[in-house]
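Quick look at protein.txt (compact mmCIF, N, CA and C atoms):
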```
# COMPACT_ATOMS: atom_id res chain seq x y z
N GLU A 1 -11.70 -29.43 8.83
CA GLU A 1 -10.39 -28.79 8.89
C GLU A 1 -10.50 -27.38 8.28
N PRO A 2 -9.96 -26.39 8.97
CA PRO A 2 -10.08 -25.02 8.46
C PRO A 2 -9.23 -24.82 7.20
N PRO A 3 -9.67 -23.91 6.33
CA PRO A 3 -8.88 -23.60 5.13
C PRO A 3 -7.50 -23.06 5.51
N ALA A 4 -6.53 -23.28 4.63
CA ALA A 4 -5.16 -22.84 4.89
C ALA A 4 -5.08 -21.33 5.13
N ALA A 5 -5.93 -20.55 4.47
CA ALA A 5 -5.91 -19.09 4.62
C ALA A 5 -6.26 -18.65 6.03
N LEU A 6 -6.92 -19.53 6.80
CA LEU A 6 -7.33 -19.17 8.15
C LEU A 6 -6.38 -19.70 9.21
N VAL A 7 -5.42 -20.50 8.81
CA VAL A 7 -4.53 -21.14 9.77
C VAL A 7 -3.32 -20.27 10.10
N GLY A 8 -2.82 -19.52 9.13
CA GLY A 8 -1.62 -18.72 9.32
C GLY A 8 -1.88 -17.46 10.11
N ASP A 9 -0.87 -16.62 10.14
CA ASP A 9 -0.94 -15.35 10.85
C ASP A 9 -1.62 -14.31 9.96
N VAL A 10 -2.81 -13.91 10.34
CA VAL A 10 -3.60 -12.97 9.54
C VAL A 10 -3.78 -11.69 10.36
N PRO A 11 -3.30 -10.56 9.82
CA PRO A 11 -3.48 -9.30 10.56
C PRO A 11 -4.95 -8.88 10.56
N THR A 12 -5.30 -8.06 11.51
CA THR A 12 -6.65 -7.50 11.54
C THR A 12 -6.70 -6.28 10.62
N LEU A 13 -7.91 -5.86 10.29
CA LEU A 13 -8.07 -4.66 9.48
C LEU A 13 -7.47 -3.46 10.21
N ALA A 14 -7.65 -3.41 11.51
CA ALA A 14 -7.08 -2.30 12.30
C ALA A 14 -5.55 -2.29 12.21
N GLN A 15 -4.94 -3.47 12.25
CA GLN A 15 -3.48 -3.54 12.13
C GLN A 15 -3.03 -3.08 10.75
N LEU A 16 -3.76 -3.46 9.72
CA LEU A 16 -3.41 -3.04 8.37
C LEU A 16 -3.53 -1.52 8.24
N ARG A 17 -4.59 -0.95 8.81
CA ARG A 17 -4.76 0.50 8.76
C ARG A 17 -3.65 1.22 9.51
N THR A 18 -3.30 0.71 10.66
CA THR A 18 -2.27 1.34 11.50
C THR A 18 -0.89 1.27 10.86
N SER A 19 -0.59 0.16 10.21
CA SER A 19 0.75 -0.03 9.65
C SER A 19 0.91 0.54 8.24
N PHE A 20 -0.19 0.93 7.60
CA PHE A 20 -0.10 1.41 6.22
C PHE A 20 0.73 2.69 6.07
N PRO A 21 0.55 3.72 6.90
CA PRO A 21 1.31 4.96 6.66
C PRO A 21 2.83 4.75 6.62
N ALA A 22 3.36 3.96 7.53
CA ALA A 22 4.81 3.72 7.53
C ALA A 22 5.23 2.95 6.28
N ALA A 23 4.44 1.95 5.90
CA ALA A 23 4.76 1.18 4.70
C ALA A 23 4.68 2.07 3.46
N ALA A 24 3.70 2.95 3.41
CA ALA A 24 3.55 3.85 2.27
C ALA A 24 4.72 4.83 2.18
N ARG A 25 5.19 5.32 3.32
CA ARG A 25 6.35 6.21 3.29
C ARG A 25 7.57 5.48 2.74
N GLU A 26 7.76 4.23 3.16
CA GLU A 26 8.88 3.44 2.65
C GLU A 26 8.74 3.19 1.15
N GLY A 27 7.53 2.85 0.72
CA GLY A 27 7.28 2.61 -0.70
C GLY A 27 7.50 3.85 -1.53
N LEU A 28 7.04 4.99 -1.03
CA LEU A 28 7.20 6.25 -1.75
C LEU A 28 8.68 6.62 -1.84
N ALA A 29 9.39 6.50 -0.74
CA ALA A 29 10.81 6.84 -0.74
C ALA A 29 11.57 5.97 -1.74
N ALA A 30 11.30 4.69 -1.76
CA ALA A 30 11.99 3.79 -2.69
C ALA A 30 11.65 4.13 -4.13
N ALA A 31 10.38 4.40 -4.39
CA ALA A 31 9.96 4.73 -5.76
C ALA A 31 10.56 6.06 -6.22
N LEU A 32 10.63 7.04 -5.33
CA LEU A 32 11.18 8.34 -5.71
C LEU A 32 12.69 8.27 -5.94
N LYS A 33 13.37 7.45 -5.16
CA LYS A 33 14.82 7.30 -5.35
C LYS A 33 15.13 6.69 -6.71
N ASP A 34 14.25 5.81 -7.19
CA ASP A 34 14.48 5.15 -8.47
C ASP A 34 13.82 5.87 -9.64
N ALA A 35 13.14 6.99 -9.38
CA ALA A 35 12.44 7.71 -10.45
C ALA A 35 13.44 8.29 -11.43
N PRO A 36 13.07 8.34 -12.70
CA PRO A 36 13.96 8.95 -13.68
C PRO A 36 14.22 10.41 -13.33
N GLN A 37 15.39 10.85 -13.60
CA GLN A 37 15.79 12.21 -13.22
C GLN A 37 15.50 13.22 -14.33
N ASN A 38 14.34 13.11 -14.97
CA ASN A 38 13.99 14.05 -16.03
C ASN A 38 12.92 15.04 -15.57
N GLN A 39 12.88 15.29 -14.27
CA GLN A 39 11.87 16.17 -13.70
C GLN A 39 12.34 17.61 -13.62
N GLY A 40 13.54 17.89 -13.98
CA GLY A 40 14.08 19.23 -13.83
C GLY A 40 14.57 19.45 -12.41
N ALA A 41 15.18 20.60 -12.20
CA ALA A 41 15.77 20.89 -10.90
C ALA A 41 14.74 20.95 -9.79
N LEU A 42 13.61 21.61 -10.03
CA LEU A 42 12.59 21.72 -8.98
C LEU A 42 11.98 20.36 -8.65
N GLY A 43 11.73 19.55 -9.66
CA GLY A 43 11.18 18.21 -9.41
C GLY A 43 12.14 17.35 -8.63
N THR A 44 13.42 17.44 -8.96
CA THR A 44 14.44 16.67 -8.25
C THR A 44 14.54 17.11 -6.80
N ILE A 45 14.51 18.42 -6.58
CA ILE A 45 14.57 18.94 -5.21
C ILE A 45 13.32 18.52 -4.44
N GLY A 46 12.16 18.60 -5.09
CA GLY A 46 10.92 18.19 -4.42
C GLY A 46 10.95 16.73 -4.04
N SER A 47 11.42 15.87 -4.93
CA SER A 47 11.52 14.44 -4.64
C SER A 47 12.48 14.20 -3.48
N PHE A 48 13.62 14.89 -3.50
CA PHE A 48 14.60 14.76 -2.43
C PHE A 48 13.99 15.12 -1.09
N LEU A 49 13.27 16.24 -1.06
CA LEU A 49 12.66 16.69 0.19
C LEU A 49 11.59 15.72 0.67
N ARG A 50 10.80 15.17 -0.27
CA ARG A 50 9.77 14.20 0.13
C ARG A 50 10.41 12.95 0.71
N VAL A 51 11.52 12.49 0.11
CA VAL A 51 12.21 11.31 0.63
C VAL A 51 12.75 11.59 2.02
N GLN A 52 13.34 12.78 2.21
CA GLN A 52 13.94 13.12 3.49
C GLN A 52 12.91 13.31 4.60
N THR A 53 11.77 13.89 4.27
CA THR A 53 10.77 14.19 5.29
C THR A 53 9.70 13.12 5.44
N GLY A 54 9.58 12.25 4.43
CA GLY A 54 8.53 11.24 4.47
C GLY A 54 7.17 11.82 4.12
N ALA A 55 7.14 13.04 3.58
CA ALA A 55 5.87 13.69 3.24
C ALA A 55 5.21 12.98 2.06
N ARG A 56 3.91 12.81 2.16
CA ARG A 56 3.16 12.21 1.06
C ARG A 56 1.73 12.71 1.13
N SER A 57 1.03 12.61 0.01
CA SER A 57 -0.36 13.05 -0.06
C SER A 57 -1.23 12.12 0.77
N VAL A 58 -2.15 12.70 1.53
CA VAL A 58 -3.07 11.89 2.32
C VAL A 58 -4.50 11.96 1.79
N GLU A 59 -4.74 12.87 0.87
CA GLU A 59 -6.04 12.94 0.20
C GLU A 59 -5.89 12.25 -1.15
N PRO A 60 -6.85 11.40 -1.53
CA PRO A 60 -6.73 10.72 -2.81
C PRO A 60 -6.70 11.71 -3.97
N ARG A 61 -5.77 11.47 -4.89
CA ARG A 61 -5.68 12.35 -6.04
C ARG A 61 -5.39 11.54 -7.29
N GLN A 62 -5.70 12.14 -8.42
CA GLN A 62 -5.49 11.50 -9.72
C GLN A 62 -4.01 11.52 -10.08
N GLY A 63 -3.64 10.62 -10.98
CA GLY A 63 -2.28 10.63 -11.49
C GLY A 63 -1.64 9.27 -11.38
N GLY A 64 -0.55 9.12 -12.09
CA GLY A 64 0.16 7.85 -12.12
C GLY A 64 1.48 7.88 -11.38
N ASP A 65 1.78 9.01 -10.72
CA ASP A 65 3.03 9.07 -9.97
C ASP A 65 2.86 8.31 -8.65
N PRO A 66 3.97 7.86 -8.05
CA PRO A 66 3.87 7.05 -6.82
C PRO A 66 3.09 7.71 -5.69
N ASP A 67 3.22 9.02 -5.53
CA ASP A 67 2.49 9.71 -4.47
C ASP A 67 0.98 9.64 -4.70
N ALA A 68 0.55 9.83 -5.93
CA ALA A 68 -0.88 9.76 -6.25
C ALA A 68 -1.40 8.33 -6.05
N ILE A 69 -0.63 7.37 -6.51
CA ILE A 69 -1.03 5.96 -6.35
C ILE A 69 -1.21 5.63 -4.87
N LEU A 70 -0.24 6.03 -4.06
CA LEU A 70 -0.33 5.73 -2.63
C LEU A 70 -1.42 6.52 -1.94
N SER A 71 -1.76 7.70 -2.45
CA SER A 71 -2.87 8.45 -1.84
C SER A 71 -4.18 7.70 -2.05
N ARG A 72 -4.34 7.11 -3.22
CA ARG A 72 -5.56 6.32 -3.49
C ARG A 72 -5.55 5.01 -2.70
N ALA A 73 -4.38 4.40 -2.56
CA ALA A 73 -4.28 3.17 -1.77
C ALA A 73 -4.62 3.46 -0.31
N ASP A 74 -4.15 4.59 0.20
CA ASP A 74 -4.44 4.99 1.58
C ASP A 74 -5.95 5.16 1.78
N ALA A 75 -6.60 5.81 0.83
CA ALA A 75 -8.06 5.99 0.93
C ALA A 75 -8.76 4.64 0.91
N ALA A 76 -8.28 3.72 0.09
CA ALA A 76 -8.89 2.39 0.02
C ALA A 76 -8.71 1.65 1.35
N VAL A 77 -7.52 1.73 1.93
CA VAL A 77 -7.28 1.07 3.23
C VAL A 77 -8.22 1.64 4.28
N ASN A 78 -8.33 2.96 4.34
CA ASN A 78 -9.19 3.59 5.34
C ASN A 78 -10.66 3.23 5.14
N ALA A 79 -11.04 2.92 3.90
CA ALA A 79 -12.42 2.52 3.60
C ALA A 79 -12.62 1.01 3.82
N GLY A 80 -11.55 0.30 4.16
CA GLY A 80 -11.65 -1.15 4.36
C GLY A 80 -11.55 -1.94 3.08
N ASP A 81 -11.18 -1.30 1.98
CA ASP A 81 -11.04 -1.96 0.68
C ASP A 81 -9.59 -2.38 0.48
N ILE A 82 -9.19 -3.42 1.17
CA ILE A 82 -7.80 -3.87 1.11
C ILE A 82 -7.46 -4.42 -0.27
N LYS A 83 -8.39 -5.10 -0.89
CA LYS A 83 -8.16 -5.61 -2.24
C LYS A 83 -7.92 -4.46 -3.21
N GLY A 84 -8.68 -3.39 -3.09
CA GLY A 84 -8.49 -2.21 -3.92
C GLY A 84 -7.14 -1.56 -3.66
N ALA A 85 -6.72 -1.51 -2.40
CA ALA A 85 -5.42 -0.94 -2.06
C ALA A 85 -4.30 -1.76 -2.69
N LEU A 86 -4.44 -3.08 -2.66
CA LEU A 86 -3.43 -3.93 -3.28
C LEU A 86 -3.36 -3.69 -4.79
N GLY A 87 -4.50 -3.45 -5.41
CA GLY A 87 -4.53 -3.14 -6.83
C GLY A 87 -3.79 -1.86 -7.14
N GLU A 88 -3.96 -0.86 -6.31
CA GLU A 88 -3.25 0.41 -6.50
C GLU A 88 -1.74 0.20 -6.31
N ILE A 89 -1.37 -0.51 -5.26
CA ILE A 89 0.05 -0.73 -4.97
C ILE A 89 0.74 -1.48 -6.11
N ALA A 90 -0.01 -2.34 -6.79
CA ALA A 90 0.55 -3.09 -7.92
C ALA A 90 0.97 -2.17 -9.06
N ALA A 91 0.47 -0.92 -9.07
CA ALA A 91 0.83 0.03 -10.11
C ALA A 91 2.10 0.82 -9.77
N LEU A 92 2.63 0.62 -8.57
CA LEU A 92 3.87 1.30 -8.18
C LEU A 92 5.05 0.72 -8.95
N PRO A 93 6.12 1.50 -9.08
CA PRO A 93 7.34 0.92 -9.64
C PRO A 93 7.79 -0.26 -8.77
N GLN A 94 8.55 -1.16 -9.34
CA GLN A 94 8.97 -2.37 -8.63
C GLN A 94 9.65 -2.06 -7.31
N SER A 95 10.46 -1.01 -7.27
CA SER A 95 11.16 -0.67 -6.03
C SER A 95 10.17 -0.29 -4.92
N GLY A 96 9.11 0.42 -5.28
CA GLY A 96 8.09 0.79 -4.29
C GLY A 96 7.33 -0.42 -3.80
N GLN A 97 7.01 -1.33 -4.73
CA GLN A 97 6.32 -2.56 -4.35
C GLN A 97 7.19 -3.39 -3.41
N ALA A 98 8.49 -3.48 -3.72
CA ALA A 98 9.40 -4.26 -2.88
C ALA A 98 9.49 -3.68 -1.48
N ALA A 99 9.51 -2.35 -1.38
CA ALA A 99 9.60 -1.71 -0.07
C ALA A 99 8.35 -1.95 0.78
N MET A 100 7.23 -2.21 0.11
CA MET A 100 5.97 -2.43 0.82
C MET A 100 5.62 -3.92 0.94
N ALA A 101 6.56 -4.80 0.60
CA ALA A 101 6.28 -6.23 0.55
C ALA A 101 5.75 -6.78 1.87
N GLY A 102 6.27 -6.32 2.98
CA GLY A 102 5.79 -6.81 4.28
C GLY A 102 4.32 -6.49 4.48
N TRP A 103 3.94 -5.25 4.16
CA TRP A 103 2.55 -4.85 4.32
C TRP A 103 1.66 -5.60 3.34
N THR A 104 2.09 -5.70 2.09
CA THR A 104 1.25 -6.35 1.08
C THR A 104 1.08 -7.83 1.35
N THR A 105 2.09 -8.47 1.92
CA THR A 105 1.95 -9.88 2.29
C THR A 105 0.85 -10.05 3.34
N GLY A 106 0.87 -9.21 4.35
CA GLY A 106 -0.17 -9.26 5.37
C GLY A 106 -1.54 -8.93 4.81
N ALA A 107 -1.58 -7.94 3.92
CA ALA A 107 -2.85 -7.54 3.31
C ALA A 107 -3.42 -8.67 2.44
N GLN A 108 -2.56 -9.34 1.71
CA GLN A 108 -3.01 -10.45 0.88
C GLN A 108 -3.54 -11.59 1.76
N ALA A 109 -2.88 -11.84 2.88
CA ALA A 109 -3.35 -12.87 3.82
C ALA A 109 -4.74 -12.50 4.34
N TRP A 110 -4.95 -11.22 4.62
CA TRP A 110 -6.25 -10.74 5.10
C TRP A 110 -7.32 -10.96 4.04
N VAL A 111 -7.02 -10.62 2.78
CA VAL A 111 -7.97 -10.79 1.68
C VAL A 111 -8.33 -12.27 1.53
N GLU A 112 -7.32 -13.13 1.54
CA GLU A 112 -7.56 -14.57 1.39
C GLU A 112 -8.35 -15.14 2.56
N ALA A 113 -8.05 -14.69 3.77
CA ALA A 113 -8.79 -15.16 4.95
C ALA A 113 -10.25 -14.73 4.88
N ASN A 114 -10.50 -13.51 4.45
CA ASN A 114 -11.88 -13.04 4.34
C ASN A 114 -12.64 -13.80 3.26
N ALA A 115 -11.96 -14.12 2.16
CA ALA A 115 -12.60 -14.91 1.11
C ALA A 115 -12.93 -16.31 1.62
N ALA A 116 -12.02 -16.88 2.40
CA ALA A 116 -12.26 -18.21 2.97
C ALA A 116 -13.43 -18.19 3.95
N LEU A 117 -13.51 -17.15 4.76
CA LEU A 117 -14.63 -17.01 5.70
C LEU A 117 -15.95 -16.86 4.95
N ALA A 118 -15.94 -16.07 3.90
CA ALA A 118 -17.15 -15.88 3.11
C ALA A 118 -17.59 -17.19 2.46
N ALA A 119 -16.62 -17.97 1.98
CA ALA A 119 -16.94 -19.27 1.37
C ALA A 119 -17.49 -20.22 2.41
N MET A 120 -16.93 -20.20 3.61
CA MET A 120 -17.43 -21.05 4.69
C MET A 120 -18.86 -20.65 5.07
N ALA A 121 -19.08 -19.34 5.17
CA ALA A 121 -20.41 -18.84 5.54
C ALA A 121 -21.45 -19.19 4.49
N ALA A 122 -21.01 -19.24 3.22
CA ALA A 122 -21.93 -19.59 2.13
C ALA A 122 -22.11 -21.09 2.02
N GLY A 123 -21.34 -21.85 2.79
CA GLY A 123 -21.48 -23.31 2.78
C GLY A 123 -20.78 -23.99 1.62
N SER A 124 -19.86 -23.29 0.96
CA SER A 124 -19.20 -23.91 -0.18
C SER A 124 -17.89 -24.58 0.21
N MET A 125 -17.59 -24.67 1.48
CA MET A 125 -16.37 -25.36 1.91
C MET A 125 -16.75 -26.53 2.77
```
Any chance you could put this one into structure tokens?
Amino acid sequence: EPPAALVGDVPTLAQLRTSFPAAAREGLAAALKDAPQNQGALGTIGSFLRVQTGARSVEPRQGGDPDAILSRADAAVNAGDIKGALGEIAALPQSGQAAMAGWTTGAQAWVEANAALAAMAAGSM
């Protein structure tokens, strides 16, 4: 009998890569809307514009702000490191994580399915 992780609906790596940008935009918008308003006028305007346009960093960069976190998660997804991307997303504010819940659920299913396949290939199942 196949492991439970292989029985459900598991997205492909290509599907995860394709769907990540939209999920990241939603996560960033939610996180920016809930961000503390102590950024000054320019920071507030910048956050507003990013929420309105969906603009986000696509090159990985350092920092703990939601845009930097998602830039590193994006790089991890493109490299096929879904587990690493999930680790980055876990550092987002709760609102950002909630906005990305659909993507992260699929990503977690992919990670679990790959672990189950590896265990089967190693003969431990």
Exercise for review: Find the residues around range 97-112 of chain A up to 6 Å (all atoms listed in the file counted), leave out those fewer than 6 positions away in its own chain, and share them as a list of chain:residue names.
Suggested key: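 Here the qualifying residues turn out to be A:Ala5, A:Val10, A:Pro11, A:Ala23, A:Glu26, A:Gly27, A:Ile89.
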Next, dump the selected residues to file, keeping only N, CA and C atoms, as a PDB file, keeping the file's coordinate frame.
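Now in result.pdb:
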```pdb
ATOM      1  N   ALA A   5      -5.930 -20.550   4.470  1.00  0.00           N
ATOM      2  CA  ALA A   5      -5.910 -19.090   4.620  1.00  0.00           C
ATOM      3  C   ALA A   5      -6.260 -18.650   6.030  1.00  0.00           C
ATOM      4  N   VAL A  10      -2.810 -13.910  10.340  1.00  0.00           N
ATOM      5  CA  VAL A  10      -3.600 -12.970   9.540  1.00  0.00           C
ATOM      6  C   VAL A  10      -3.780 -11.690  10.360  1.00  0.00           C
ATOM      7  N   PRO A  11      -3.300 -10.560   9.820  1.00  0.00           N
ATOM      8  CA  PRO A  11      -3.480  -9.300  10.560  1.00  0.00           C
ATOM      9  C   PRO A  11      -4.950  -8.880  10.560  1.00  0.00           C
ATOM     10  N   ALA A  23       4.440   1.950   5.900  1.00  0.00           N
ATOM     11  CA  ALA A  23       4.760   1.180   4.700  1.00  0.00           C
ATOM     12  C   ALA A  23       4.680   2.070   3.460  1.00  0.00           C
ATOM     13  N   GLU A  26       7.760   4.230   3.160  1.00  0.00           N
ATOM     14  CA  GLU A  26       8.880   3.440   2.650  1.00  0.00           C
ATOM     15  C   GLU A  26       8.740   3.190   1.150  1.00  0.00           C
ATOM     16  N   GLY A  27       7.530   2.850   0.720  1.00  0.00           N
ATOM     17  CA  GLY A  27       7.280   2.610  -0.700  1.00  0.00           C
ATOM     18  C   GLY A  27       7.500   3.850  -1.530  1.00  0.00           C
ATOM     19  N   ILE A  89      -1.370  -0.510  -5.260  1.00  0.00           N
ATOM     20  CA  ILE A  89       0.050  -0.730  -4.970  1.00  0.00           C
ATOM     21  C   ILE A  89       0.740  -1.480  -6.110  1.00  0.00           C
TER      22      ILE A  89
END
```
Review point. Which of these, A:Ala115, A:Leu92, A:Ala121, A:Ala4, has the shortest distance to Ile69 in chain A once you count all atoms listed in the file?
Key: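 Once distances to Ile69 in chain A are computed over all atoms listed in the file, the minimum belongs to A:Leu92.
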Review point. Closest to Leu28 in chain A among A:Ala14, A:Leu70, A:Leu86, A:Ala91, using only N, CA and C atoms?
Key: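 Among the listed residues, the smallest separation from Leu28 in chain A belongs to A:Leu70.
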Practice item. Could you tell me how far atom N of Ile82 in chain A lies from atom C of Glu1 in chain A, in Å and to one decimal? Key: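 According to the coordinates, atom N of Ile82 in chain A and atom C of Glu1 in chain A are separated by 25.0 Å.
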**Study point:** Distance criterion (only C-alpha atoms): nearest to Leu13 in chain A out of A:Ala116, A:Val77, A:Ala90, A:Ala122
**Key:**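 Between A:Ala116, A:Val77, A:Ala90, A:Ala122, the residue approaching Leu13 in chain A most closely is A:Val77.
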Practice item. Could you tell me how far CA of Asp9 in chain A lies from CA of Asp67 in chain A, in Å and to one decimal? Key: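 So the two atoms, CA of Asp9 in chain A and CA of Asp67 in chain A, lie 29.6 Å apart.
Going from atom N of Ala79 in chain A over to CA of Arg17 in chain A, you cover 8.3 Å.
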